[in-house]
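Have a look at the structure below before the remarks.
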Amino acid sequence: MKQHVFAFLFVLLAFPLKLFAQDIAYVSDKEEYRRSSLCLILLTHKDKKYAEEMERIFKEFPMPARYNEHNIVGFRCVSVRGTQTKADIDRMLQRMNIGQKLVERWFNRNESTGAMDMDLIHDRGGYGAMYADYERAKETVRGTALLRDEGVELLQSTFVLVCDMDYIDKAKRAGWAAFGMGLLSLGMQVGSAVNYSQAQSAYARGDYRTARAKESSARAWNAGSFATAGAANVVKDIGGFRVKINAYLYKLNWDDAMTQRMYSDYWVDETTADDEAATRRSSFERDARMFSLKYVGAYKATSSKTILRSWKNEDEVIKDVCYRCVAKGVKQLAKKFVVFKPRTPYYYEGSTMYSHIGTKEDVRYGQKYEIVQRAKDKQGNIKYKRVGVATAGTPWNNRDMRFDEYFDPEQKGTRFYVQNAKVDLWPNRGLQLREM
């Protein structure tokens, strides 16, 4: 009898545990769009035209929609002189300890106390809107392991893009345009003088109607000459504004060993004793070179022509041209280097595949995506292997959607249609979509 009672209690207790395990798996499958994190740095050439304007505008640049903003305060713009080589940029990033500063931001490190937290990792890992589930996950071995895996993946997907951007002097071309407009302006001034002379002659002979008409015409010619001269100045100053960019992409080096070092040697929170906190704080600051960057590759781009309707507003011209040039470089780098491509989890509802990406992530109807499987090598680096292909249906309109709205059960995301698969795609176990 006792055996039956114990068996019954075991089943009764095991059943909710089983449900809980399924719930944790489901939550991890239906997480937020996993953007890589990107730090933008502009190299400014103080001795070049428009350098100050480009620096001021770059500091307010919007981040490309596919990436999380991971900029470092005080390091948005770096002044340089002359042509910069990759070796120059390598030394600059190392001298400024950019790798360490990226990690400091990930862990919200307080410079004075050394205190850290996991808030940003929770947020970008999809736990921000499901904190109760995260708290429950901490109570299970698999739950904490899952969180640790997600943290490693997030830090491994941290990039630095150094933009060596320079104004292309189109003075010669713009000068010809200004010269042409100058000739037109001179012609209008001559026309004005001729009409004034004819008006005086008409007054002298008493033909007042003709005199007034010639005076009106002279004023019109004169106004036209001023307007044309102004347009010539606009053409000369901003009408030929274009930029060229050399974009250098770097990736933060991170693996399981670095994660272990963070917690064993550097981690400080409210539970850390004061003397231990001081030791760990000093160790972190001393070991700046431990946090290194790996060079991924480079891309050269030139902006398209200035938009004529923007000529009246110099700031708008510079902002538009520079942003389009940077966006072009980011897109081309993602095409060239697969490690820079964003990834996203998917989930199934019945037999239908969905993912919480859409117009904000530039999803287009019929666009192909790889289905990739995550795996770790012996060093703890996460690799991705293609196990299938899917195409996007009508994109989900999420351009203006807040983070917390991603988890509204009414928002299904974009539907995907599987073309082929080498493994069972449901239930999802660490599989993601990646644009081809």
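By convention in this document, the chains of the structure tokens carry letters A, B, ... by their order, each chain's residues are numbered from 1, and ligands are numbered from 1 in the order they are shown.
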
### Message
What's around A:Lys294 at 8 Å? Count only C-alpha atoms, leave out sequence neighbours fewer than 6 positions away in its own chain, and write the answer as a PyMOL selection string.
### Response
chain A and resi 250-253

### Query
Using only C-alpha atoms, which residue out of A:Leu38, A:Val418, A:Met116, A:Ala392 lies closest to A:Leu155?
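That would be A:Leu38, the residue with the smallest distance to A:Leu155.
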
Contact residues around A:Val268 with only C-alpha atoms at 7 Å, ignoring same-chain residues under 5 positions, as a tab-separated table (two decimals) with N, CA and C atoms, in the first residue's frame:
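So the final result, stored in result.tsv, reads:
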```tsv
chain	number	residue	atom	x	y	z
A	114	GLY	N	33.26	48.95	-9.21
A	114	GLY	CA	33.47	47.67	-9.89
A	114	GLY	C	32.23	46.79	-9.93
A	115	ALA	N	31.10	47.27	-9.36
A	115	ALA	CA	29.88	46.47	-9.29
A	115	ALA	C	29.32	46.20	-10.69
A	116	MET	N	28.79	44.98	-10.88
A	116	MET	CA	28.24	44.56	-12.17
A	116	MET	C	26.85	43.98	-11.98
A	277	ALA	N	36.14	42.80	-3.21
A	277	ALA	CA	35.68	43.68	-4.28
A	277	ALA	C	36.81	44.56	-4.78
```

### Message
Neighbouring residues of A:Ser351 were defined as those with any atom within 12 Å, considering only C-alpha atoms; residues of the same chain fewer than 4 positions away were excluded. Please report them as a list in words.
### Response
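Selected residues are Tyr347, Arg415, Phe416, Tyr417, Val418, Leu425, Trp426 and Pro427 of chain A.
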
Okay, now the selection with N, CA, C and O atoms, as a short mmCIF file (atom, residue, chain, number, x, y, z; two decimals), in the first residue's frame?
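Ended up saving to part_13.cif:
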```cif
data_model
loop_
_atom_site.label_atom_id
_atom_site.label_comp_id
_atom_site.auth_asym_id
_atom_site.auth_seq_id
_atom_site.Cartn_x
_atom_site.Cartn_y
_atom_site.Cartn_z
N TYR A 347 9.32 29.90 -34.00
CA TYR A 347 8.47 29.02 -33.19
C TYR A 347 7.35 28.48 -34.08
O TYR A 347 7.09 29.01 -35.18
N ARG A 415 5.19 34.89 -41.06
CA ARG A 415 5.08 33.46 -41.34
C ARG A 415 6.18 33.03 -42.31
O ARG A 415 6.52 33.76 -43.25
N PHE A 416 6.75 31.85 -42.07
CA PHE A 416 7.79 31.32 -42.94
C PHE A 416 7.36 29.97 -43.50
O PHE A 416 6.68 29.19 -42.82
N TYR A 417 7.77 29.72 -44.73
CA TYR A 417 7.42 28.48 -45.43
C TYR A 417 8.69 27.66 -45.64
O TYR A 417 9.63 28.12 -46.31
N VAL A 418 8.72 26.47 -45.07
CA VAL A 418 9.91 25.62 -45.14
C VAL A 418 10.03 25.03 -46.53
O VAL A 418 9.09 24.42 -47.05
N LEU A 425 12.28 20.07 -37.40
CA LEU A 425 12.27 21.49 -37.02
C LEU A 425 11.35 21.79 -35.85
O LEU A 425 11.32 22.91 -35.34
N TRP A 426 10.57 20.82 -35.45
CA TRP A 426 9.66 21.04 -34.33
C TRP A 426 9.72 19.83 -33.41
O TRP A 426 9.63 18.70 -33.86
N PRO A 427 9.90 20.00 -32.10
CA PRO A 427 10.06 21.32 -31.47
C PRO A 427 11.45 21.89 -31.73
O PRO A 427 12.41 21.15 -31.92
#
```
